>>> print(open('target-v7.txt').read())   # compact mmCIF, C-alpha atoms
# COMPACT_ATOMS: atom_id res chain seq x y z
CA ASP D 1 15.26 14.28 25.03
CA GLY D 2 11.92 12.80 26.05
CA ASP D 3 9.96 10.19 27.91
CA THR D 4 8.69 6.97 26.42
CA ASP D 5 6.02 4.86 28.09
CA LEU D 6 6.22 1.14 27.21
CA PRO D 7 3.91 -1.75 28.03
CA THR D 8 5.55 -5.06 28.98
CA ASP D 9 3.72 -6.81 26.14
CA PRO D 10 6.39 -7.26 23.40
CA SER D 11 3.70 -7.14 20.68
CA LYS D 12 3.17 -3.47 21.61
CA ALA D 13 6.84 -2.44 21.19
CA ALA D 14 7.68 1.25 21.09
CA TYR D 15 10.82 2.90 19.73
CA ALA D 16 13.31 5.34 21.22
CA SER D 17 16.39 7.05 19.74
CA ALA D 18 19.21 5.86 21.98
CA VAL D 19 22.45 3.91 21.89
CA THR D 20 22.98 2.25 25.27
CA ALA D 21 20.86 1.17 28.18
CA ASP D 22 21.40 0.18 31.76
CA THR D 23 19.30 -2.12 33.96
CA GLY D 24 18.65 -4.88 31.44
CA VAL D 25 16.48 -3.18 28.81
CA LEU D 26 17.58 -4.73 25.53
CA VAL D 27 18.41 -2.57 22.51
CA SER D 28 19.56 -3.35 18.97
CA SER D 29 21.94 -1.31 16.84
CA GLY D 30 20.78 1.31 14.33
CA GLN D 31 19.64 4.93 14.35
CA THR D 32 16.15 4.18 15.59
CA LEU D 33 16.39 1.44 18.14
CA ALA D 34 13.73 -0.99 19.20
CA VAL D 35 13.49 -1.11 22.97
CA LYS D 36 12.22 -4.39 24.36
CA ALA D 37 10.55 -4.15 27.75
CA VAL D 38 11.93 -6.85 30.02
CA LYS D 39 10.27 -5.93 33.33
CA PRO D 40 8.38 -2.98 34.85
CA GLY D 41 10.50 -0.07 35.98
CA ILE D 42 12.19 3.13 34.81
CA VAL D 43 15.40 3.24 32.81
CA LYS D 44 17.31 6.16 31.30
CA LEU D 45 18.72 5.51 27.82
CA THR D 46 21.61 7.68 26.64
CA GLY D 47 23.48 7.98 23.37
CA ILE D 48 25.17 10.30 20.88
CA THR D 49 23.75 11.37 17.52
CA THR D 50 25.39 9.90 14.41
CA ASP D 51 24.84 12.93 12.13
CA GLY D 52 28.28 14.36 12.97
CA SER D 53 27.01 16.85 15.57
CA ARG D 54 27.73 14.37 18.41
CA LYS D 55 24.81 15.68 20.45
CA LYS D 56 23.88 13.75 23.56
CA VAL D 57 20.51 12.01 23.34
CA GLU D 58 18.59 10.97 26.44
CA CYS D 59 15.29 9.20 26.84
CA THR D 60 13.63 8.01 30.01
CA VAL D 61 11.68 4.82 29.42
CA LYS D 62 8.89 3.91 31.83
CA VAL D 63 7.92 0.25 31.51
CA ARG D 64 4.42 -0.42 32.83
CA GLY D 65 3.42 -3.67 34.47
CA GLN D 66 0.45 -5.52 33.04
CA VAL D 67 -2.53 -6.78 35.04
CA THR D 68 -2.89 -10.51 34.39
CA GLY D 69 -5.69 -11.45 36.77
CA LEU D 70 -8.43 -10.09 39.04
CA ALA D 71 -10.15 -11.77 41.96
CA LEU D 72 -12.19 -10.43 44.88
CA LYS D 73 -11.99 -10.92 48.63
CA THR D 74 -14.91 -10.02 50.86
CA SER D 75 -15.06 -8.86 54.45
CA LYS D 76 -16.01 -11.71 56.74
CA GLY D 77 -19.53 -11.87 58.09
CA LYS D 78 -21.52 -14.58 59.85
CA LYS D 79 -21.42 -17.88 57.97
CA GLY D 80 -23.87 -17.62 55.11
CA VAL D 81 -24.62 -13.93 55.66
CA ASN D 82 -22.61 -11.00 54.29
CA ASP D 83 -20.08 -13.32 52.70
CA ALA D 84 -19.34 -14.70 49.25
CA THR D 85 -18.03 -17.87 47.64
CA LEU D 86 -16.51 -18.58 44.24
CA SER D 87 -19.02 -19.93 41.70
CA ASP D 88 -18.44 -23.11 39.73
CA ASP D 89 -18.85 -21.25 36.43
CA SER D 90 -15.86 -18.93 37.04
CA ALA D 91 -13.20 -18.80 34.34
CA PRO D 92 -9.77 -17.14 34.10
CA GLY D 93 -10.31 -13.45 33.43
CA SER D 94 -13.94 -13.59 34.57
CA MET D 95 -14.33 -14.62 38.21
CA LYS D 96 -17.88 -15.10 39.50
CA TYR D 97 -19.01 -15.18 43.11
CA THR D 98 -22.33 -15.61 44.92
CA GLY D 99 -23.20 -14.21 48.31
CA ASN D 100 -25.91 -13.34 50.79
CA MET D 101 -26.51 -10.03 52.54
CA LYS D 102 -29.16 -8.66 54.86
CA ALA D 103 -31.07 -5.47 54.07
CA LYS D 104 -29.40 -2.36 55.49
CA SER D 105 -26.00 -4.09 55.70
CA SER D 106 -22.62 -3.58 54.04
CA MET D 107 -19.78 -5.74 52.79
CA LYS D 108 -16.36 -4.64 51.55
CA LEU D 109 -14.84 -6.03 48.36
CA THR D 110 -11.04 -6.05 48.14
CA PRO D 111 -9.57 -6.58 44.68
CA VAL D 112 -6.67 -9.04 44.33
CA VAL D 113 -4.74 -8.16 41.18
CA ASP D 114 -2.05 -10.34 39.58
CA ILE D 115 0.69 -8.45 37.72
CA ASN D 116 2.84 -10.00 34.98
CA GLU D 117 1.69 -13.45 36.13
CA VAL D 118 2.85 -12.80 39.72
CA SER D 119 0.06 -13.45 42.22
CA GLY D 120 -0.98 -10.69 44.57
CA THR D 121 -1.60 -13.34 47.25
CA SER D 122 1.69 -15.25 47.04
CA ASN D 123 3.41 -16.01 50.35
CA VAL D 124 6.78 -16.66 48.69
CA LYS D 125 9.21 -13.88 49.70
CA ALA D 126 10.76 -13.54 46.21
CA ASP D 127 7.27 -13.23 44.64
CA LYS D 128 6.21 -10.67 47.27
CA ASN D 129 9.27 -8.52 46.53
CA LEU D 130 8.76 -8.79 42.76
CA TYR D 131 5.06 -7.96 43.13
CA LYS D 132 5.90 -4.88 45.21
CA THR D 133 8.24 -3.64 42.45
CA PHE D 134 5.69 -4.38 39.72
CA ARG D 135 2.88 -2.64 41.62
CA LYS D 136 4.81 0.68 41.62
CA HIS D 137 4.65 0.72 37.83
CA THR D 138 1.19 -0.76 37.21
CA ASP D 139 -2.33 0.68 37.20
CA THR D 140 -4.08 -1.71 39.59
CA SER D 141 -7.23 0.36 39.97
CA VAL D 142 -10.58 -1.40 39.79
CA SER D 143 -13.96 0.12 38.90
CA TYR D 144 -17.27 -1.12 40.30
CA ARG D 145 -20.93 -0.86 39.32
CA SER D 146 -24.24 -2.25 40.53
CA SER D 147 -26.81 -3.90 38.25
CA ASP D 148 -29.63 -2.37 40.32
CA ILE D 149 -28.95 0.60 42.58
CA SER D 150 -32.49 0.39 43.97
CA VAL D 151 -31.39 -2.86 45.71
CA ALA D 152 -27.71 -2.23 46.47
CA THR D 153 -25.03 0.33 45.73
CA VAL D 154 -21.27 -0.01 45.51
CA ASP D 155 -18.83 2.84 46.02
CA LYS D 156 -15.49 3.41 44.28
CA LYS D 157 -13.68 1.62 47.13
CA GLY D 158 -15.77 -1.55 46.71
CA LYS D 159 -18.16 -1.15 49.65
CA ILE D 160 -21.50 -2.81 48.85
CA THR D 161 -24.54 -1.53 50.76
CA VAL D 162 -27.94 -3.21 50.55
CA ARG D 163 -30.67 -0.61 50.95
CA LYS D 164 -33.02 -0.52 53.93
CA GLY D 165 -36.36 -2.29 53.46
CA ILE D 166 -35.30 -4.61 50.61
CA GLU D 167 -37.27 -7.84 50.82
CA ALA D 168 -35.61 -11.25 51.06
CA GLY D 169 -35.05 -13.00 47.74
CA LYS D 170 -34.13 -9.89 45.73
CA THR D 171 -30.85 -10.19 43.82
CA VAL D 172 -28.28 -7.72 42.54
CA THR D 173 -24.98 -8.21 40.72
CA ILE D 174 -21.93 -6.09 41.48
CA TYR D 175 -19.42 -5.88 38.63
CA ALA D 176 -15.70 -5.15 38.99
CA ALA D 177 -13.22 -4.51 36.15
CA SER D 178 -9.50 -3.84 35.90
CA ALA D 179 -8.44 -0.42 34.56
CA ASP D 180 -7.80 -1.81 31.06
CA GLY D 181 -11.11 -3.74 31.07
CA GLU D 182 -9.34 -7.03 30.28
CA TYR D 183 -10.15 -8.70 33.61
CA LYS D 184 -13.55 -8.80 35.24
CA ALA D 185 -15.20 -10.20 38.34
CA GLU D 186 -18.77 -10.18 39.53
CA ILE D 187 -20.63 -11.06 42.70
CA THR D 188 -24.34 -11.88 42.69
CA ILE D 189 -25.91 -10.98 46.02
CA THR D 190 -29.15 -12.48 47.30
CA VAL D 191 -30.90 -10.51 50.05
CA VAL D 192 -31.74 -12.69 53.07
CA ASN D 193 -33.59 -12.15 56.38
>>> encode(input="target-v7.txt", output="structure tokens")
Amino acid sequence: DGDTDLPTDPSKAAYASAVTADTGVLVSSGQTLAVKAVKPGIVKLTGITTDGSRKKVECTVKVRGQVTGLALKTSKGKKGVNDATLSDDSAPGSMKYTGNMKAKSSMKLTPVVDINEVSGTSNVKADKNLYKTFRKHTDTSVSYRSSDISVATVDKKGKITVRKGIEAGKTVTIYAASADGEYKAEITITVVN
């Protein structure tokens, strides 16, 4: 008896002693069976030992979803102030934004995480339902940090606050990263009057 935690990346296959599976997790024959993760979710594998004792064997397999993209949305401010736009030098896995903020103002970043190549912003009903299922089994947390806390801070929920008295023209970069560190985004803020 036991629990096995599997990623959906087949190159990181784990093994579980079991004979049969329900809900589409594929197994091969043999005493130690390779379990291929097909999609995020939880499945209980059951079987009987082959050593003659005929003991029941159970294993709960938890298949984790995999973050496959990270983007940022910002709270809307006045045009050109307390907002952000995507930079031309963005690349998949490393999104870059630029924005303007006034001193003593705040702006909220909202992470948009793709899971197993399903977009977190899709309007297609089937994608929305699949994303909802994937999200239950995926660590979609995002961490933030500021390049210069004397200019602006960012809290763990993504709220950027430019400090009081910061002169126009100062810049600060806020960095965001997925829990596994594979996907990153950054926003460079310029303080304006």
>>> residues_around(input="target-v7.txt", residues="D:Thr85", least_positions_apart="6", cutoff="9 Å", atoms="only C-alpha atoms", output="PyMOL selection string")
chain D and resi 96-99+187
>>> atom_distance(input="target-v7.txt", atom1="atom CA of D:Lys170", atom2="atom CA of D:Val151")
7.5 Å
>>> atom_distance(input="target-v7.txt", atom1="atom CA of D:Ala168", atom2="atom CA of D:Ile149")
16.0 Å
>>> closest_residue(input="target-v7.txt", among="D:Gly41, D:Gly65, D:Gly158, D:Gly169", to="D:Ser106", atoms="only C-alpha atoms")
D:Gly158
>>> atom_distance(input="target-v7.txt", atom1="atom CA of D:Val61", atom2="atom CA of D:Ala126")
24.9 Å
>>> build_atoms(input="target-v7.txt", residues="stretch 160-173 of chain D", atoms="N, CA and C atoms", output="short mmCIF file (atom, residue, chain, number, x, y, z; two decimals), in the coordinates of the input")
data_model
loop_
_atom_site.label_atom_id
_atom_site.label_comp_id
_atom_site.auth_asym_id
_atom_site.auth_seq_id
_atom_site.Cartn_x
_atom_site.Cartn_y
_atom_site.Cartn_z
N ILE D 160 -20.14 -2.51 49.29
CA ILE D 160 -21.50 -2.81 48.85
C ILE D 160 -22.44 -2.51 50.01
N THR D 161 -23.53 -1.80 49.73
CA THR D 161 -24.54 -1.53 50.76
C THR D 161 -25.90 -1.90 50.21
N VAL D 162 -26.57 -2.84 50.90
CA VAL D 162 -27.94 -3.21 50.55
C VAL D 162 -28.86 -2.20 51.22
N ARG D 163 -29.79 -1.67 50.44
CA ARG D 163 -30.67 -0.61 50.95
C ARG D 163 -31.63 -1.13 52.03
N LYS D 164 -32.06 -0.23 52.87
CA LYS D 164 -33.02 -0.52 53.93
C LYS D 164 -34.36 -0.93 53.30
N GLY D 165 -35.01 -1.91 53.89
CA GLY D 165 -36.36 -2.29 53.46
C GLY D 165 -36.41 -3.22 52.25
N ILE D 166 -35.29 -3.69 51.76
CA ILE D 166 -35.30 -4.61 50.61
C ILE D 166 -35.74 -5.98 51.08
N GLU D 167 -36.72 -6.55 50.39
CA GLU D 167 -37.27 -7.84 50.82
C GLU D 167 -36.33 -9.00 50.46
N ALA D 168 -36.42 -10.05 51.27
CA ALA D 168 -35.61 -11.25 51.06
C ALA D 168 -35.92 -11.84 49.68
N GLY D 169 -34.89 -12.37 49.05
CA GLY D 169 -35.05 -13.00 47.74
C GLY D 169 -34.64 -12.11 46.57
N LYS D 170 -34.58 -10.80 46.79
CA LYS D 170 -34.13 -9.89 45.73
C LYS D 170 -32.65 -10.16 45.45
N THR D 171 -32.26 -9.99 44.19
CA THR D 171 -30.85 -10.19 43.82
C THR D 171 -30.30 -8.96 43.11
N VAL D 172 -28.99 -8.81 43.21
CA VAL D 172 -28.28 -7.72 42.54
C VAL D 172 -26.88 -8.25 42.21
N THR D 173 -26.34 -7.81 41.09
CA THR D 173 -24.98 -8.21 40.72
C THR D 173 -24.08 -6.98 40.76
#
